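Student: Following this message is one structure expressed as C-alpha cells.
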Amino acid sequence: MLDNRKVLFSGMQATGNLTLGNYLGALKNWVSLSDEYDCFYCVVDEHSITVRQDPGVLRKRARALLTLYIGAGLDPEKNCLYYQSHVSAHAELAWILNCFTYMGELNRMTQFKDKAEKHSDNINAGLYTYPVLMAADILLFQSDIVPVGSDQKQHIEITRDIAERFNNLYGDVFTIPEPYFGKTGARIMSLQEPEKKMSKSDENPNASIYLMDSPDDVLRKCKRAVTDSIGEIRYCEEQPGLRNLIDIYGACMEKSPAEVEKEFAGKGYGDFKLAVAEAVNSVLRPLHEEVARLEKDKAYIDSVIKNNAERAAYAANKTLRKVQKKVGFPERVR
Ligand code: TYM
C-alpha cells in the first residue's frame with residue numbers, strides 16, 4: 001500500500017465490445033472513487049479464457065481496455081492499471097483458495113449456470129471455478145471495497161465467505177471486502193428487452209450501446225429503444241423500458257430519477273429519447289477523443305503496462321507469501 005488510504009480493487013474482462021452498462025455500472029465509479037482509495041484496476045484476461053477466445057483478438061482487446069481505463073480518467077501514476085496475466089500471484093492464490101471453496105457454493109453461482117447454458121459445448125473447469133479466481137484477485141490486495149455492477153453481487157459474497165473461512169482457520173490474513181454499487185447505473189438493462197441486463201454478448205445489435213458507438217448509432221438505438229404505453233416520463237415498475245432510459249439519463253447527468261421526472265414533466269417519449277441520446281453522447285465524446293489520442297502513444301502505454309505490473313506484483317506477493325506460510329508451504333531458502 002502506498003499510504004494509509006483504504007484499498008480498492010476492481011476488474012473488467014477484455015471480451016466483446018464494452019457497453020454503456022460497463023461504464024455506468026463500474027468504470028464511472030472507479031474514476032470518482034480513485035482519489036479516495038489506493039486503487040488497483042485490472043484487465044482480467046485470465047478470466048476471459050473461460051470462454052474460447054481468438055488469441056490475437058484477446059491481446060488487442062486487452063490493450064484497448066487498458067487504454068480505455070486511462071482514457072476514462074484513471075491516472076496510471078496514481079492508480080495501478082495492469083493485466084492479470086502479468087501478475088502470477090493471481091493464479092497461485094486462486095489454486096490455494098480452490099482448496100477452501102466448496103463445490104456446493106460454486107453450484108449456486110447464477111453466472112456459472114447462465115454461461116454454462118450459453119456455452120454448452122465448453123463447460124470447462126475454469127468456468128466453474130471462475131469465482132475463486134475473482135476472490136483471489138480481490139483478496140490478494142487486502143481490498144476494502146470492490147466497485148461493481150449488481151450482477152457481481154454473488155461473486156463478492158462468495159469472496160467474503162472464502163476469506164472468512166480462511167481467517168477462521170489461520171487468523172486475520174485477509175481483509176473482508178465490501179461491494180460498492182453506485183447510486184445510479186448499477187444495473188443498466190437491454191434497450192430491446194428491458195427485463196434483461198445490457199450485455200456485451202447480446203446478439204441483437206440494437207439492445208446495447210457500445211462505448212465505441214458513433215453519435216449516430218447512439219441516437220438510432222435510443223430512438224428504437226422499447227418504451228411502454230403510459231405516455232408519461234414516470235419512474236415505475238410498470239414501465240421497465242422507460243425506467244431504464246431514466247436510469248441511463250440520470251447516471252450520465254448525475255441526476256436522481258425524481259429530478260429526471262421533474263425535468264421532463266409534460267414531455268413525450270420522443271423528446272426524452274433525444275435527450276437520452278445527447279446525454280450518452282456527452283459522456284462518450286470525450287472518451288473517444290482521449291482514447292484516440294492515447295492509442296497514438298505506444299511507448300507511453302507500454303511504460304504503463306510494465307511499471308504497473310511491477311507495482312501490482314509487489315503488493316500481491318506480500319499477501320501470497322503470508323498465505324503460503326499459513327497453509328504450510330516450506331520457506332524459501334535465500
Ligand atoms: P464484466 O467484465 O462482465 O463487467 C465489468 C463491470 O461492468 C459491470 N456491468 C454492468 N453494470 C451495470 N449494468 C450492466 N448492464 C452491466 N454489465 C456489466 C459489472 O458488474 C462489472 O463491475 N467477473 C467480473 C470481472 C472481475 C472482477 C474481479 C470484478 C474479475 N475479477 C474482481 C471485480 C473484482 C466480470 O466479468 O465483469
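In the C-alpha cells, chains take letters A, B, ... by order of appearance, with residues numbered from 1 within each chain and ligands from 1 in the order shown.
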Counting only C-alpha atoms and all ligand atoms, what residues are within 8 Å of ligand 1, given as a PyMOL selection string?
Tutor: chain A and resi 9-15+19-27+42+44+47+130-131+133-135+137-138+146-152+155-156+185-190+197-200
Student: Please provide the set of residues having any atom within 10 Å of Ile123 of chain A, restricted to only C-alpha atoms, with same-chain residues fewer than 5 positions apart removed, written as a ChimeraX atom specification.
Tutor: /A:50-51,112-113,115-118,128
Student: Can you check which parts of segment 52-153 of chain A lie within 10 Å of segment 310-334 of chain A? Per residue, the shortest pair of atoms and distance in Å to one decimal, counting only C-alpha atoms, sorted by chain and number, as a Markdown table.
Tutor:
| residue | atom | partner | partner_atom | distance |
| --- | --- | --- | --- | --- |
| A:Cys80 | CA | A:Ala312 | CA | 6.7 |
| A:Leu81 | CA | A:Ala312 | CA | 8.4 |
| A:Tyr82 | CA | A:Ala312 | CA | 7.4 |
| A:Tyr83 | CA | A:Ala312 | CA | 9.4 |
| A:Gln84 | CA | A:Ala312 | CA | 9.3 |
| A:His86 | CA | A:Ala313 | CA | 8.1 |
| A:Val87 | CA | A:Ala313 | CA | 5.4 |
| A:Ser88 | CA | A:Ala313 | CA | 7.7 |
| A:Ala89 | CA | A:Asn317 | CA | 6.2 |
| A:His90 | CA | A:Ala316 | CA | 7.9 |
| A:Glu92 | CA | A:Leu320 | CA | 7.8 |
| A:Leu93 | CA | A:Leu320 | CA | 6.4 |
| A:Ile96 | CA | A:Gln324 | CA | 8.3 |
| A:Leu97 | CA | A:Val323 | CA | 9.8 |
| A:Ala136 | CA | A:Leu320 | CA | 9.6 |
| A:Asp137 | CA | A:Ala316 | CA | 8.9 |
| A:Ile138 | CA | A:Ala316 | CA | 9.9 |
| A:Leu139 | CA | A:Thr319 | CA | 8.2 |
| A:Leu140 | CA | A:Ala316 | CA | 5.1 |
| A:Phe141 | CA | A:Ala316 | CA | 5.7 |
| A:Gln142 | CA | A:Thr319 | CA | 7.7 |
Student: Once you have the residues from the selection above, write them out as an mmCIF file, in the first residue's frame, restricted to N, CA and C atoms.
Tutor:
data_model
loop_
_atom_site.group_PDB
_atom_site.id
_atom_site.type_symbol
_atom_site.label_atom_id
_atom_site.label_comp_id
_atom_site.auth_asym_id
_atom_site.auth_seq_id
_atom_site.Cartn_x
_atom_site.Cartn_y
_atom_site.Cartn_z
ATOM 1 N N CYS A 80 -3.118 1.768 -9.996
ATOM 2 C CA CYS A 80 -2.344 0.679 -10.599
ATOM 3 C C CYS A 80 -3.223 -0.030 -11.642
ATOM 4 N N LEU A 81 -2.882 0.152 -12.926
ATOM 5 C CA LEU A 81 -3.668 -0.416 -14.031
ATOM 6 C C LEU A 81 -2.822 -1.496 -14.682
ATOM 7 N N TYR A 82 -3.289 -2.733 -14.686
ATOM 8 C CA TYR A 82 -2.391 -3.801 -15.157
ATOM 9 C C TYR A 82 -3.185 -5.001 -15.668
ATOM 10 N N TYR A 83 -2.434 -5.921 -16.347
ATOM 11 C CA TYR A 83 -3.035 -7.166 -16.828
ATOM 12 C C TYR A 83 -2.900 -8.242 -15.753
ATOM 13 N N GLN A 84 -3.964 -8.946 -15.521
ATOM 14 C CA GLN A 84 -3.965 -10.062 -14.552
ATOM 15 C C GLN A 84 -2.863 -11.088 -14.891
ATOM 16 N N HIS A 86 -0.048 -10.753 -16.054
ATOM 17 C CA HIS A 86 1.322 -10.318 -15.784
ATOM 18 C C HIS A 86 1.698 -10.471 -14.309
ATOM 19 N N VAL A 87 0.724 -10.857 -13.495
ATOM 20 C CA VAL A 87 0.989 -10.993 -12.052
ATOM 21 C C VAL A 87 0.608 -12.427 -11.653
ATOM 22 N N SER A 88 1.622 -13.286 -11.551
ATOM 23 C CA SER A 88 1.339 -14.720 -11.396
ATOM 24 C C SER A 88 0.688 -15.045 -10.049
ATOM 25 N N ALA A 89 0.777 -14.111 -9.105
ATOM 26 C CA ALA A 89 0.176 -14.356 -7.787
ATOM 27 C C ALA A 89 -1.342 -14.606 -7.883
ATOM 28 N N HIS A 90 -1.995 -14.046 -8.906
ATOM 29 C CA HIS A 90 -3.447 -14.279 -9.045
ATOM 30 C C HIS A 90 -3.736 -15.773 -9.155
ATOM 31 N N GLU A 92 -1.743 -18.260 -8.514
ATOM 32 C CA GLU A 92 -1.214 -19.042 -7.380
ATOM 33 C C GLU A 92 -2.171 -18.987 -6.184
ATOM 34 N N LEU A 93 -2.676 -17.801 -5.886
ATOM 35 C CA LEU A 93 -3.614 -17.717 -4.760
ATOM 36 C C LEU A 93 -4.920 -18.434 -5.108
ATOM 37 N N ILE A 96 -4.742 -22.032 -4.207
ATOM 38 C CA ILE A 96 -4.874 -22.281 -2.761
ATOM 39 C C ILE A 96 -6.342 -22.117 -2.336
ATOM 40 N N LEU A 97 -6.964 -21.044 -2.813
ATOM 41 C CA LEU A 97 -8.364 -20.792 -2.396
ATOM 42 C C LEU A 97 -9.321 -21.851 -2.935
ATOM 43 N N ALA A 136 -9.492 -14.491 -5.442
ATOM 44 C CA ALA A 136 -8.039 -14.298 -5.330
ATOM 45 C C ALA A 136 -7.656 -12.882 -5.759
ATOM 46 N N ASP A 137 -8.252 -12.398 -6.862
ATOM 47 C CA ASP A 137 -7.958 -11.025 -7.335
ATOM 48 C C ASP A 137 -8.146 -10.028 -6.195
ATOM 49 N N ILE A 138 -9.291 -10.155 -5.565
ATOM 50 C CA ILE A 138 -9.702 -9.154 -4.570
ATOM 51 C C ILE A 138 -8.882 -9.296 -3.283
ATOM 52 N N LEU A 139 -8.709 -10.548 -2.834
ATOM 53 C CA LEU A 139 -8.080 -10.775 -1.521
ATOM 54 C C LEU A 139 -6.570 -10.546 -1.561
ATOM 55 N N LEU A 140 -5.965 -10.723 -2.728
ATOM 56 C CA LEU A 140 -4.512 -10.504 -2.858
ATOM 57 C C LEU A 140 -4.090 -9.115 -2.403
ATOM 58 N N PHE A 141 -4.974 -8.140 -2.638
ATOM 59 C CA PHE A 141 -4.603 -6.742 -2.366
ATOM 60 C C PHE A 141 -5.151 -6.241 -1.033
ATOM 61 N N GLN A 142 -5.721 -7.140 -0.241
ATOM 62 C CA GLN A 142 -6.326 -6.762 1.048
ATOM 63 C C GLN A 142 -7.338 -5.635 0.801
#
Student: Which residue is closest to Thr184 of chain A? Choose from A:Phe166, A:Tyr37, A:Tyr210, A:Tyr249 and count only C-alpha atoms.
Tutor: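 Selected residue with least distance to Thr184 of chain A: A:Tyr249.
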Student: Using only C-alpha atoms, can you tell me which of A:Ala265, A:Gly71, A:Tyr300, A:Val132 comes closest to Pro286 of chain A?
Tutor: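 When distances to Pro286 of chain A are compared using only C-alpha atoms, the smallest one comes from A:Gly71.
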Student: For atom CA of Asn244 of chain A and atom CA of Val276 of chain A, determine how far apart the two atoms are, in Å to one decimal place.
Tutor: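 Computing it gives 10.6 Å between the two atoms.
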Student: Among segment 27-82 of chain A, which residues does DSSP mark as helix (DSSP H, G or I) when it is run on the backbone? Keep the chain and numbering as in the structure and answer as a VMD selection string.
Tutor: chain A and resid 27 to 33 45 to 48 55 to 71
Student: Export, as a PDB file, in the first residue's frame, the selected residues with N, CA and C atoms.
Tutor:
ATOM      1  N   LEU A  27     -16.917   1.540 -14.488  1.00  0.00           N
ATOM      2  CA  LEU A  27     -15.811   2.457 -14.793  1.00  0.00           C
ATOM      3  C   LEU A  27     -16.022   3.889 -14.276  1.00  0.00           C
ATOM      4  N   LYS A  28     -17.232   4.381 -14.420  1.00  0.00           N
ATOM      5  CA  LYS A  28     -17.516   5.760 -13.980  1.00  0.00           C
ATOM      6  C   LYS A  28     -17.274   5.897 -12.468  1.00  0.00           C
ATOM      7  N   ASN A  29     -17.701   4.878 -11.713  1.00  0.00           N
ATOM      8  CA  ASN A  29     -17.483   4.924 -10.255  1.00  0.00           C
ATOM      9  C   ASN A  29     -16.013   4.748  -9.909  1.00  0.00           C
ATOM     10  N   TRP A  30     -15.321   3.947 -10.723  1.00  0.00           N
ATOM     11  CA  TRP A  30     -13.881   3.772 -10.464  1.00  0.00           C
ATOM     12  C   TRP A  30     -13.202   5.139 -10.486  1.00  0.00           C
ATOM     13  N   VAL A  31     -13.574   5.948 -11.495  1.00  0.00           N
ATOM     14  CA  VAL A  31     -12.927   7.259 -11.627  1.00  0.00           C
ATOM     15  C   VAL A  31     -13.281   8.134 -10.430  1.00  0.00           C
ATOM     16  N   SER A  32     -14.554   8.123 -10.033  1.00  0.00           N
ATOM     17  CA  SER A  32     -14.919   9.036  -8.943  1.00  0.00           C
ATOM     18  C   SER A  32     -14.365   8.587  -7.592  1.00  0.00           C
ATOM     19  N   LEU A  33     -14.041   7.306  -7.442  1.00  0.00           N
ATOM     20  CA  LEU A  33     -13.501   6.842  -6.155  1.00  0.00           C
ATOM     21  C   LEU A  33     -11.977   6.894  -6.115  1.00  0.00           C
ATOM     22  N   ASP A  45      -7.631 -10.757 -17.964  1.00  0.00           N
ATOM     23  CA  ASP A  45      -7.529 -11.606 -19.168  1.00  0.00           C
ATOM     24  C   ASP A  45      -7.574 -13.093 -18.822  1.00  0.00           C
ATOM     25  N   GLU A  46      -7.174 -13.461 -17.594  1.00  0.00           N
ATOM     26  CA  GLU A  46      -7.250 -14.893 -17.233  1.00  0.00           C
ATOM     27  C   GLU A  46      -8.708 -15.342 -17.112  1.00  0.00           C
ATOM     28  N   HIS A  47      -9.566 -14.447 -16.650  1.00  0.00           N
ATOM     29  CA  HIS A  47     -10.992 -14.798 -16.616  1.00  0.00           C
ATOM     30  C   HIS A  47     -11.547 -14.980 -18.029  1.00  0.00           C
ATOM     31  N   SER A  48     -11.007 -14.204 -18.975  1.00  0.00           N
ATOM     32  CA  SER A  48     -11.574 -14.225 -20.333  1.00  0.00           C
ATOM     33  C   SER A  48     -11.474 -15.585 -21.005  1.00  0.00           C
ATOM     34  N   PRO A  55      -6.776 -15.733 -29.923  1.00  0.00           N
ATOM     35  CA  PRO A  55      -5.655 -15.135 -29.176  1.00  0.00           C
ATOM     36  C   PRO A  55      -5.296 -13.722 -29.623  1.00  0.00           C
ATOM     37  N   GLY A  56      -5.264 -13.501 -30.934  1.00  0.00           N
ATOM     38  CA  GLY A  56      -4.895 -12.168 -31.438  1.00  0.00           C
ATOM     39  C   GLY A  56      -5.918 -11.127 -31.012  1.00  0.00           C
ATOM     40  N   VAL A  57      -7.182 -11.502 -31.087  1.00  0.00           N
ATOM     41  CA  VAL A  57      -8.257 -10.558 -30.736  1.00  0.00           C
ATOM     42  C   VAL A  57      -8.209 -10.257 -29.235  1.00  0.00           C
ATOM     43  N   LEU A  58      -7.978 -11.295 -28.432  1.00  0.00           N
ATOM     44  CA  LEU A  58      -7.930 -11.088 -26.977  1.00  0.00           C
ATOM     45  C   LEU A  58      -6.805 -10.113 -26.618  1.00  0.00           C
ATOM     46  N   ARG A  59      -5.644 -10.316 -27.236  1.00  0.00           N
ATOM     47  CA  ARG A  59      -4.491  -9.442 -26.950  1.00  0.00           C
ATOM     48  C   ARG A  59      -4.821  -7.990 -27.301  1.00  0.00           C
ATOM     49  N   LYS A  60      -5.448  -7.807 -28.456  1.00  0.00           N
ATOM     50  CA  LYS A  60      -5.807  -6.452 -28.902  1.00  0.00           C
ATOM     51  C   LYS A  60      -6.822  -5.818 -27.955  1.00  0.00           C
ATOM     52  N   ARG A  61      -7.807  -6.630 -27.566  1.00  0.00           N
ATOM     53  CA  ARG A  61      -8.868  -6.094 -26.715  1.00  0.00           C
ATOM     54  C   ARG A  61      -8.350  -5.757 -25.327  1.00  0.00           C
ATOM     55  N   ALA A  62      -7.395  -6.570 -24.844  1.00  0.00           N
ATOM     56  CA  ALA A  62      -6.838  -6.304 -23.522  1.00  0.00           C
ATOM     57  C   ALA A  62      -6.142  -4.947 -23.524  1.00  0.00           C
ATOM     58  N   ARG A  63      -5.393  -4.689 -24.586  1.00  0.00           N
ATOM     59  CA  ARG A  63      -4.693  -3.404 -24.670  1.00  0.00           C
ATOM     60  C   ARG A  63      -5.688  -2.248 -24.820  1.00  0.00           C
ATOM     61  N   ALA A  64      -6.725  -2.492 -25.643  1.00  0.00           N
ATOM     62  CA  ALA A  64      -7.738  -1.444 -25.819  1.00  0.00           C
ATOM     63  C   ALA A  64      -8.433  -1.148 -24.497  1.00  0.00           C
ATOM     64  N   LEU A  65      -8.631  -2.171 -23.687  1.00  0.00           N
ATOM     65  CA  LEU A  65      -9.321  -1.959 -22.404  1.00  0.00           C
ATOM     66  C   LEU A  65      -8.438  -1.162 -21.442  1.00  0.00           C
ATOM     67  N   LEU A  66      -7.171  -1.503 -21.400  1.00  0.00           N
ATOM     68  CA  LEU A  66      -6.268  -0.755 -20.528  1.00  0.00           C
ATOM     69  C   LEU A  66      -6.193   0.717 -20.972  1.00  0.00           C
ATOM     70  N   THR A  67      -6.193   0.922 -22.289  1.00  0.00           N
ATOM     71  CA  THR A  67      -6.179   2.289 -22.827  1.00  0.00           C
ATOM     72  C   THR A  67      -7.470   3.015 -22.446  1.00  0.00           C
ATOM     73  N   LEU A  68      -8.569   2.278 -22.478  1.00  0.00           N
ATOM     74  CA  LEU A  68      -9.857   2.865 -22.103  1.00  0.00           C
ATOM     75  C   LEU A  68      -9.863   3.282 -20.627  1.00  0.00           C
ATOM     76  N   TYR A  69      -9.272   2.452 -19.773  1.00  0.00           N
ATOM     77  CA  TYR A  69      -9.201   2.819 -18.347  1.00  0.00           C
ATOM     78  C   TYR A  69      -8.555   4.209 -18.214  1.00  0.00           C
ATOM     79  N   ILE A  70      -7.439   4.389 -18.946  1.00  0.00           N
ATOM     80  CA  ILE A  70      -6.734   5.681 -18.837  1.00  0.00           C
ATOM     81  C   ILE A  70      -7.589   6.779 -19.475  1.00  0.00           C
ATOM     82  N   GLY A  71      -8.170   6.466 -20.634  1.00  0.00           N
ATOM     83  CA  GLY A  71      -8.987   7.447 -21.352  1.00  0.00           C
ATOM     84  C   GLY A  71     -10.189   7.902 -20.547  1.00  0.00           C
TER      85      GLY A  71
END
Student: Check segment 67-296 of chain A with DSSP on the backbone and list each residue it calls strand (DSSP E or B), as a VMD selection string.
Tutor: chain A and resid 80 to 83 145 to 147 178 to 180 189 197 210
